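File shown here: start_13.txt, holding compact mmCIF, C-alpha atoms and all ligand atoms.
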# COMPACT_ATOMS: atom_id res chain seq x y z
CA MET A 3 -42.95 44.19 -59.37
CA THR A 4 -39.38 44.30 -60.76
CA GLU A 5 -37.18 41.24 -61.08
CA ASN A 6 -35.18 42.29 -58.01
CA SER A 7 -38.15 42.89 -55.73
CA PRO A 8 -38.14 40.39 -52.89
CA THR A 9 -41.05 37.95 -52.86
CA GLU A 10 -40.20 36.35 -49.53
CA ALA A 11 -39.43 37.63 -46.03
CA ASP A 12 -38.00 36.20 -42.83
CA PHE A 13 -40.54 35.27 -40.24
CA GLY A 14 -38.17 34.32 -37.44
CA PHE A 15 -35.98 31.56 -38.94
CA ARG A 16 -38.62 30.63 -41.55
CA ARG A 17 -38.90 32.11 -45.05
CA VAL A 18 -42.48 33.04 -45.87
CA PRO A 19 -44.13 34.79 -48.85
CA LEU A 20 -43.69 38.55 -48.34
CA ASP A 21 -47.44 39.15 -48.33
CA GLU A 22 -48.00 36.58 -45.59
CA LYS A 23 -45.49 37.93 -43.06
CA GLN A 24 -47.69 40.75 -41.70
CA GLY A 25 -50.58 38.38 -40.92
CA LEU A 26 -48.24 36.09 -38.97
CA VAL A 27 -46.74 39.05 -37.07
CA ASP A 28 -50.25 40.28 -36.25
CA GLU A 29 -51.15 36.89 -34.75
CA VAL A 30 -48.08 37.09 -32.49
CA PHE A 31 -48.98 40.53 -31.12
CA HIS A 32 -52.66 39.70 -30.87
CA SER A 33 -51.64 36.75 -28.73
CA VAL A 34 -49.18 38.64 -26.48
CA ALA A 35 -51.00 42.03 -26.16
CA ARG A 36 -52.48 41.56 -22.68
CA ARG A 37 -49.22 40.24 -21.22
CA TYR A 38 -46.91 42.43 -23.28
CA ASP A 39 -45.87 44.93 -20.60
CA LEU A 40 -45.33 42.33 -17.89
CA MET A 41 -43.35 40.14 -20.28
CA ASN A 42 -41.14 43.06 -21.33
CA ASP A 43 -40.07 43.54 -17.73
CA LEU A 44 -39.59 39.83 -17.09
CA MET A 45 -37.69 39.11 -20.29
CA SER A 46 -35.34 42.07 -20.16
CA GLY A 47 -34.94 42.13 -16.38
CA GLY A 48 -36.24 45.71 -16.51
CA LEU A 49 -33.51 46.76 -18.98
CA HIS A 50 -36.05 47.84 -21.61
CA ARG A 51 -36.82 50.79 -19.33
CA VAL A 52 -33.20 51.96 -19.46
CA TRP A 53 -33.07 51.56 -23.26
CA LYS A 54 -36.34 53.45 -23.66
CA ASP A 55 -35.12 56.26 -21.38
CA THR A 56 -32.09 56.67 -23.66
CA LEU A 57 -34.43 56.97 -26.64
CA VAL A 58 -36.56 59.59 -24.87
CA THR A 59 -33.44 61.60 -23.97
CA ALA A 60 -32.51 61.59 -27.67
CA VAL A 61 -36.03 62.76 -28.66
CA ASN A 62 -35.44 65.69 -26.31
CA PRO A 63 -38.94 67.23 -26.34
CA PRO A 64 -39.02 70.93 -25.34
CA LYS A 65 -39.84 71.56 -21.68
CA THR A 66 -41.77 74.70 -22.64
CA ASP A 67 -45.27 74.96 -24.13
CA ARG A 68 -43.79 75.09 -27.65
CA ASP A 69 -45.61 72.76 -30.05
CA PHE A 70 -43.81 69.43 -30.46
CA ARG A 71 -45.34 66.58 -32.45
CA LEU A 72 -44.10 63.04 -31.97
CA LEU A 73 -45.14 60.11 -34.13
CA ASP A 74 -44.47 56.80 -32.38
CA VAL A 75 -44.83 54.02 -34.95
CA ALA A 76 -45.42 50.41 -33.86
CA GLY A 77 -46.21 52.21 -30.62
CA GLY A 78 -48.11 49.24 -29.19
CA THR A 79 -49.17 49.85 -25.61
CA GLY A 80 -47.82 53.42 -25.63
CA ASP A 81 -44.64 53.11 -23.58
CA ILE A 82 -42.48 55.46 -25.66
CA ALA A 83 -45.18 58.06 -26.27
CA PHE A 84 -46.10 58.28 -22.57
CA ARG A 85 -42.46 58.75 -21.60
CA VAL A 86 -41.97 61.53 -24.17
CA ILE A 87 -45.13 63.35 -23.04
CA GLU A 88 -44.00 63.14 -19.42
CA ALA A 89 -40.53 64.43 -20.36
CA GLY A 90 -41.87 67.31 -22.47
CA GLY A 91 -43.76 70.52 -21.80
CA ALA A 92 -47.42 71.42 -22.33
CA GLY A 93 -47.01 71.63 -26.13
CA THR A 94 -45.89 68.00 -26.53
CA HIS A 95 -48.36 65.77 -28.35
CA ALA A 96 -47.91 62.15 -29.44
CA THR A 97 -49.57 60.13 -32.17
CA ILE A 98 -49.31 56.40 -31.46
CA LEU A 99 -49.65 54.31 -34.60
CA ASP A 100 -49.84 50.53 -34.63
CA ILE A 101 -51.24 47.94 -37.00
CA ASN A 102 -52.69 45.90 -34.15
CA ALA A 103 -55.99 47.03 -32.60
CA GLU A 104 -55.45 44.81 -29.55
CA MET A 105 -52.12 46.48 -28.65
CA LEU A 106 -53.71 49.93 -29.16
CA ALA A 107 -56.64 48.99 -26.92
CA VAL A 108 -54.21 48.20 -24.09
CA GLY A 109 -52.46 51.53 -24.85
CA ARG A 110 -55.77 53.48 -24.62
CA GLU A 111 -56.55 51.94 -21.22
CA ARG A 112 -53.07 52.80 -19.96
CA ALA A 113 -53.30 56.41 -21.26
CA GLU A 114 -56.59 56.91 -19.42
CA LYS A 115 -55.24 55.43 -16.18
CA ARG A 116 -52.20 57.69 -16.32
CA GLY A 117 -54.26 60.79 -17.21
CA LEU A 118 -52.34 61.25 -20.46
CA ASP A 119 -55.18 60.76 -22.94
CA TYR A 120 -55.41 64.56 -23.47
CA ALA A 121 -51.99 64.47 -25.19
CA VAL A 122 -52.20 61.30 -27.31
CA THR A 123 -53.97 60.27 -30.49
CA PHE A 124 -54.22 56.59 -31.42
CA VAL A 125 -54.12 55.57 -35.08
CA GLU A 126 -54.52 52.05 -36.43
CA GLY A 127 -52.29 51.85 -39.47
CA ASN A 128 -49.35 50.29 -41.25
CA ALA A 129 -45.80 51.68 -40.96
CA GLU A 130 -45.38 50.94 -44.68
CA ALA A 131 -48.18 53.31 -45.73
CA LEU A 132 -48.83 55.87 -43.01
CA PRO A 133 -52.31 57.43 -43.18
CA LEU A 134 -50.76 60.78 -42.23
CA PRO A 135 -49.82 63.98 -44.12
CA ASP A 136 -46.34 64.93 -45.38
CA ARG A 137 -43.94 67.05 -43.30
CA THR A 138 -45.99 66.99 -40.09
CA PHE A 139 -43.89 65.61 -37.22
CA ASP A 140 -40.88 66.90 -35.28
CA ALA A 141 -39.78 63.40 -34.31
CA TYR A 142 -40.53 59.85 -35.48
CA THR A 143 -39.76 56.99 -33.11
CA ILE A 144 -40.04 53.25 -33.60
CA ALA A 145 -38.99 50.97 -30.73
CA PHE A 146 -38.66 47.23 -31.16
CA GLY A 147 -41.04 47.56 -34.10
CA ILE A 148 -39.15 47.83 -37.38
CA ARG A 149 -37.94 44.22 -37.44
CA ASN A 150 -41.57 43.10 -37.55
CA VAL A 151 -42.36 45.19 -40.65
CA PRO A 152 -42.15 43.17 -43.90
CA ARG A 153 -40.95 46.03 -46.13
CA ILE A 154 -38.48 47.97 -43.98
CA ASP A 155 -37.40 50.21 -46.88
CA ALA A 156 -41.02 51.32 -47.41
CA ALA A 157 -41.39 52.11 -43.69
CA LEU A 158 -38.20 54.21 -43.74
CA ARG A 159 -39.38 56.16 -46.80
CA GLU A 160 -42.67 56.84 -45.02
CA ALA A 161 -40.80 58.04 -41.92
CA TYR A 162 -38.92 60.52 -44.10
CA ARG A 163 -42.13 61.70 -45.81
CA VAL A 164 -44.04 62.54 -42.61
CA LEU A 165 -41.14 64.28 -40.82
CA ARG A 166 -40.84 68.01 -41.29
CA PRO A 167 -37.46 69.29 -42.53
CA GLY A 168 -35.26 69.34 -39.42
CA GLY A 169 -37.21 66.38 -38.01
CA HIS A 170 -35.49 63.55 -36.16
CA PHE A 171 -35.82 59.82 -36.91
CA LEU A 172 -34.99 57.50 -34.00
CA CYS A 173 -35.17 53.73 -34.02
CA LEU A 174 -34.50 51.50 -31.03
CA GLU A 175 -34.03 47.89 -32.05
CA PHE A 176 -32.32 44.69 -30.98
CA SER A 177 -28.92 44.50 -32.60
CA SER A 178 -25.82 42.29 -32.72
CA VAL A 179 -23.97 41.36 -29.54
CA ASP A 180 -20.32 42.26 -30.02
CA VAL A 181 -18.83 40.94 -26.76
CA PRO A 182 -17.83 37.23 -27.19
CA ALA A 183 -18.33 36.25 -23.51
CA LEU A 184 -21.78 37.84 -23.53
CA GLU A 185 -22.71 36.13 -26.81
CA THR A 186 -22.78 32.59 -25.35
CA LEU A 187 -24.83 33.68 -22.37
CA TYR A 188 -27.16 35.70 -24.58
CA ASP A 189 -27.72 32.73 -26.94
CA PHE A 190 -28.54 30.43 -24.05
CA TYR A 191 -30.88 32.98 -22.54
CA SER A 192 -32.58 33.75 -25.88
CA PHE A 193 -33.19 30.22 -27.11
CA ASN A 194 -33.80 28.41 -23.82
CA VAL A 195 -34.81 30.75 -21.02
CA LEU A 196 -37.02 33.20 -22.96
CA PRO A 197 -39.34 30.65 -24.62
CA ALA A 198 -39.63 28.92 -21.20
CA ILE A 199 -40.71 32.23 -19.60
CA GLY A 200 -43.15 32.71 -22.50
CA ARG A 201 -44.61 29.24 -21.88
CA ALA A 202 -44.82 29.62 -18.10
CA VAL A 203 -46.16 33.18 -17.89
CA ALA A 204 -48.08 33.69 -21.11
CA GLY A 205 -48.75 30.04 -22.08
CA ASP A 206 -47.24 30.84 -25.47
CA ALA A 207 -43.68 29.68 -26.19
CA GLU A 208 -44.13 29.99 -29.99
CA SER A 209 -44.71 33.76 -30.01
CA TYR A 210 -41.65 34.32 -27.86
CA ARG A 211 -39.60 32.02 -30.06
CA TYR A 212 -40.57 34.22 -33.05
CA LEU A 213 -39.51 37.35 -31.16
CA VAL A 214 -36.08 35.85 -30.44
CA GLU A 215 -35.58 34.50 -33.96
CA SER A 216 -36.62 37.79 -35.56
CA ILE A 217 -33.93 39.56 -33.52
CA ARG A 218 -31.28 37.29 -35.07
CA LYS A 219 -32.51 37.87 -38.61
CA PHE A 220 -32.52 41.67 -38.34
CA PRO A 221 -29.76 43.38 -40.42
CA LYS A 222 -26.46 44.21 -38.71
CA PRO A 223 -26.33 47.84 -37.47
CA GLN A 224 -24.04 49.03 -40.29
CA ALA A 225 -26.41 47.55 -42.90
CA PHE A 226 -29.46 49.05 -41.22
CA ALA A 227 -27.72 52.46 -41.04
CA ALA A 228 -27.16 52.22 -44.81
CA MET A 229 -30.90 51.56 -45.32
CA ILE A 230 -31.71 54.67 -43.26
CA ARG A 231 -29.36 56.71 -45.46
CA ASP A 232 -30.93 55.23 -48.62
CA ALA A 233 -34.32 56.51 -47.45
CA GLY A 234 -32.93 60.05 -47.60
CA PHE A 235 -31.82 60.70 -44.02
CA SER A 236 -28.66 62.67 -43.17
CA ARG A 237 -26.21 62.52 -40.26
CA VAL A 238 -27.07 58.86 -39.73
CA THR A 239 -25.48 57.31 -36.62
CA TYR A 240 -26.05 54.41 -34.27
CA THR A 241 -25.17 53.79 -30.65
CA PRO A 242 -24.87 50.21 -29.36
CA MET A 243 -26.08 49.62 -25.80
CA THR A 244 -25.58 46.74 -23.32
CA GLY A 245 -22.82 45.08 -25.37
CA GLY A 246 -24.79 45.47 -28.61
CA ILE A 247 -27.98 43.73 -27.43
CA VAL A 248 -29.78 46.89 -28.53
CA ALA A 249 -28.83 49.85 -30.73
CA LEU A 250 -30.29 53.33 -31.04
CA HIS A 251 -30.28 54.50 -34.68
CA SER A 252 -30.62 58.16 -35.50
CA GLY A 253 -31.05 60.21 -38.69
CA TRP A 254 -32.28 63.66 -39.65
CA ARG A 255 -34.49 64.94 -42.41
CA LEU A 256 -32.58 68.05 -43.47
C1 LIG B 301 -42.40 44.52 -29.87
S1 LIG B 301 -43.81 45.57 -30.06
C2 LIG B 301 -43.16 47.15 -29.62
C3 LIG B 301 -44.15 48.03 -28.91
C4 LIG B 301 -43.59 49.34 -28.33
N1 LIG B 301 -42.97 50.17 -29.36
C5 LIG B 301 -42.62 49.09 -27.20
O1 LIG B 301 -41.42 49.36 -27.40
O2 LIG B 301 -43.03 48.64 -26.15
C6 LIG B 301 -43.95 45.65 -31.82
C7 LIG B 301 -45.19 46.35 -32.33
O3 LIG B 301 -45.08 46.51 -33.74
C8 LIG B 301 -46.39 46.46 -34.28
N2 LIG B 301 -46.31 46.27 -35.74
C9 LIG B 301 -45.91 45.16 -36.41
N3 LIG B 301 -45.98 45.38 -37.74
C10 LIG B 301 -46.39 46.67 -37.92
C11 LIG B 301 -46.62 47.48 -39.06
N4 LIG B 301 -46.42 47.01 -40.30
N5 LIG B 301 -47.04 48.74 -38.88
C12 LIG B 301 -47.24 49.24 -37.62
N6 LIG B 301 -47.04 48.51 -36.50
C13 LIG B 301 -46.61 47.24 -36.64
C14 LIG B 301 -47.02 45.32 -33.51
O4 LIG B 301 -48.42 45.30 -33.63
C15 LIG B 301 -46.51 45.58 -32.09
O5 LIG B 301 -47.40 46.38 -31.36
Conversion result in structure tokens:
Amino acid sequence: MTENSPTEADFGFRRVPLDEKQGLVDEVFHSVARRYDLMNDLMSGGLHRVWKDTLVTAVNPPKTDRDFRLLDVAGGTGDIAFRVIEAGGAGTHATILDINAEMLAVGRERAEKRGLDYAVTFVEGNAEALPLPDRTFDAYTIAFGIRNVPRIDAALREAYRVLRPGGHFLCLEFSSVDVPALETLYDFYSFNVLPAIGRAVAGDAESYRYLVESIRKFPKPQAFAAMIRDAGFSRVTYTPMTGGIVALHSGWRL
């Protein structure tokens, strides 16, 4: 480890040793897995569906039977992958990778119920060290996942490695609200209403507090765009949505 290598990471508003962050994150998602989809709808008032649709439009899978390989990292219960398969043609295949077996188990059940299991592969693995070959995928997506990864730079380098030249990197993540009137409302909602919903519906205010705090600690969109560029990506852009609550980041492996 060099002198400048970080030894600590943010876990919500707490600083924790870098090597301990992943275990704490895993406990959160182990705890919320069975309620995750319901809570997403409740907490975002259904808006996460709109944000995810925008991501899927940007992935733009071919409608034909041409081969198209998506890797959805931190894919959890499969939401993004299922949407891309449904939007694409017969050649669209998705690999859903997540570090948490419990989230993947929910994803497997959902894939079977929706009759999509023929087009998905589930992989338990870490975004920082993908157990996948170089230059394999046409698109890499990560939705509401990267802020949970302790070494974001390592995850971005891995994204670059597994994309084929011409492949598209897309990251949907909470961002920085840039509308002052919305900011006050958003703060109140985040720090008061959301943990209360977490307590009432999932019996777990702490996990939802972490989710809110981790949003605030995530780098500003300009800084995150610079990290994407540093990993080797070209034509890096980002598009704020809903007053900056969320941003869609894009880059290309050329
Ligand atoms: C907020 S959920 C997002 C799930 C899904 N992408 C969605 O948008 O509904 C975050 C996911 O990131 C996963 N995760 C956290 N750290 C990870 C890592 N280092 N590598 C892969 N997945 C990770 C968690 O297990 C969890 O399933």
Listing only residues of chain A within 9 Å of ligand LIG 301 (chain B), what is the closest atom pair and its distance in Å (to one decimal) for each, using all atoms listed in the file, sorted by chain and residue number ascending, as a tab-separated table?
residue	atom	partner	partner_atom	distance
A:Gln24	CA	B:LIG301	N3	6.3
A:Gly25	CA	B:LIG301	N3	9.0
A:Val27	CA	B:LIG301	C9	6.2
A:Asp28	CA	B:LIG301	O4	6.0
A:Glu29	CA	B:LIG301	O4	8.9
A:Val30	CA	B:LIG301	O4	8.3
A:Phe31	CA	B:LIG301	O4	5.4
A:His32	CA	B:LIG301	O4	7.5
A:Ala35	CA	B:LIG301	O5	7.7
A:Tyr38	CA	B:LIG301	O2	7.9
A:Asp39	CA	B:LIG301	O2	7.3
A:Asn42	CA	B:LIG301	O2	7.6
A:His50	CA	B:LIG301	O1	8.0
A:Lys54	CA	B:LIG301	O1	7.5
A:Asp74	CA	B:LIG301	N1	7.4
A:Val75	CA	B:LIG301	C12	6.0
A:Ala76	CA	B:LIG301	N6	3.6
A:Gly77	CA	B:LIG301	N1	4.0
A:Gly78	CA	B:LIG301	O5	3.7
A:Thr79	CA	B:LIG301	C4	6.2
A:Gly80	CA	B:LIG301	C4	6.5
A:Asp81	CA	B:LIG301	O2	5.4
A:Ile82	CA	B:LIG301	O1	6.4
A:Ala83	CA	B:LIG301	N1	8.8
A:Leu99	CA	B:LIG301	C12	6.4
A:Asp100	CA	B:LIG301	N6	3.9
A:Ile101	CA	B:LIG301	C12	4.3
A:Asn102	CA	B:LIG301	O4	4.3
A:Ala103	CA	B:LIG301	O4	7.8
A:Glu104	CA	B:LIG301	O4	8.1
A:Met105	CA	B:LIG301	O5	5.4
A:Leu106	CA	B:LIG301	O5	7.6
A:Glu126	CA	B:LIG301	C12	7.9
A:Gly127	CA	B:LIG301	C12	6.0
A:Asn128	CA	B:LIG301	N5	3.7
A:Ala129	CA	B:LIG301	N5	3.8
A:Glu130	CA	B:LIG301	N4	6.0
A:Ala131	CA	B:LIG301	N5	8.3
A:Leu132	CA	B:LIG301	N5	8.4
A:Thr143	CA	B:LIG301	N1	8.4
A:Ile144	CA	B:LIG301	N1	6.0
A:Ala145	CA	B:LIG301	N1	4.3
A:Phe146	CA	B:LIG301	C2	4.8
A:Gly147	CA	B:LIG301	C6	4.2
A:Ile148	CA	B:LIG301	O3	7.1
A:Arg149	CA	B:LIG301	C9	8.1
A:Asn150	CA	B:LIG301	C9	4.9
A:Val151	CA	B:LIG301	N4	4.5
A:Pro152	CA	B:LIG301	N4	6.8
A:Arg153	CA	B:LIG301	N4	8.1
A:Ile154	CA	B:LIG301	N4	8.8
A:Ala157	CA	B:LIG301	N4	7.9
A:Leu174	CA	B:LIG301	O1	8.1
A:Glu175	CA	B:LIG301	O1	8.9
A:Leu213	CA	B:LIG301	C1	7.8
Given the choices A:His95, A:Arg110, A:Arg163, A:Arg85, which gets closest to Thr59 (chain A) if the distance is worked out from all atoms listed in the file? A:Arg85
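Going from CA of Arg68 (chain A) to CA of Cys173 (chain A) covers 23.9 Å.
The gap separating CA of Gly48 (chain A) from CA of Gly246 (chain A) is 16.7 Å, in Å to one decimal.
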Given all atoms listed in the file as the counted atoms, nearest of A:Tyr142, A:Tyr120, A:Trp254, A:Tyr212 to Pro63 (chain A): A:Tyr142
I want to know what sits within 9 Å of Phe193 (chain A), based on all atoms listed in the file, with residues of the same chain fewer than 6 positions away left out; could you give that as a ChimeraX atom specification? /A:211,214-215
CA of Leu26 (chain A) and CA of Asn194 (chain A), how far apart in Å? 22.3 Å
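Of the residues listed (A:Leu256, A:Val108, A:Ala161, A:Met41), A:Met41 shows the shortest atom-to-atom separation from Ala198 (chain A); distances use only C-alpha atoms.
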What are the closest atom pairs, with distances in Å to one decimal, for all residues of region 79-172 of chain A lying within 9 Å of region 220-244 of chain A? Consider all atoms listed in the file, order rows by chain and residue number, and present the result as JSON lines.
{"residue": "A:Arg149", "atom": "CA", "partner": "A:Phe220", "partner_atom": "CA", "distance": 6.1}
{"residue": "A:Ile154", "atom": "CA", "partner": "A:Met229", "partner_atom": "CA", "distance": 8.5}
{"residue": "A:Asp155", "atom": "CA", "partner": "A:Met229", "partner_atom": "CA", "distance": 6.8}
{"residue": "A:Ala156", "atom": "CA", "partner": "A:Ala233", "partner_atom": "CA", "distance": 8.5}
{"residue": "A:Leu158", "atom": "CA", "partner": "A:Ala233", "partner_atom": "CA", "distance": 5.8}
{"residue": "A:Arg159", "atom": "CA", "partner": "A:Ala233", "partner_atom": "CA", "distance": 5.1}
{"residue": "A:Glu160", "atom": "CA", "partner": "A:Ala233", "partner_atom": "CA", "distance": 8.7}
{"residue": "A:Ala161", "atom": "CA", "partner": "A:Ala233", "partner_atom": "CA", "distance": 8.7}
{"residue": "A:Tyr162", "atom": "CA", "partner": "A:Gly234", "partner_atom": "CA", "distance": 7.0}
{"residue": "A:Phe171", "atom": "CA", "partner": "A:Phe235", "partner_atom": "CA", "distance": 8.2}
Can you write just those residues out, C-alpha atoms, as a PDB file, in the frame of the given file?
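That gives us part_11.pdb:
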ATOM      1  CA  ARG A 149     -37.940  44.220 -37.440  1.00  0.00           C
ATOM      2  CA  ILE A 154     -38.480  47.970 -43.980  1.00  0.00           C
ATOM      3  CA  ASP A 155     -37.400  50.210 -46.880  1.00  0.00           C
ATOM      4  CA  ALA A 156     -41.020  51.320 -47.410  1.00  0.00           C
ATOM      5  CA  LEU A 158     -38.200  54.210 -43.740  1.00  0.00           C
ATOM      6  CA  ARG A 159     -39.380  56.160 -46.800  1.00  0.00           C
ATOM      7  CA  GLU A 160     -42.670  56.840 -45.020  1.00  0.00           C
ATOM      8  CA  ALA A 161     -40.800  58.040 -41.920  1.00  0.00           C
ATOM      9  CA  TYR A 162     -38.920  60.520 -44.100  1.00  0.00           C
ATOM     10  CA  PHE A 171     -35.820  59.820 -36.910  1.00  0.00           C
TER      11      PHE A 171
END
Residue nearest Val86 (chain A) among A:Ala183, A:Ala107, A:Ala121, A:Ala202 (counting all atoms listed in the file): A:Ala121
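Of the residues listed (A:Lys23, A:Arg17, A:Arg201, A:Arg36), A:Arg36 shows the shortest atom-to-atom separation from Gly109 (chain A); distances use all atoms listed in the file.
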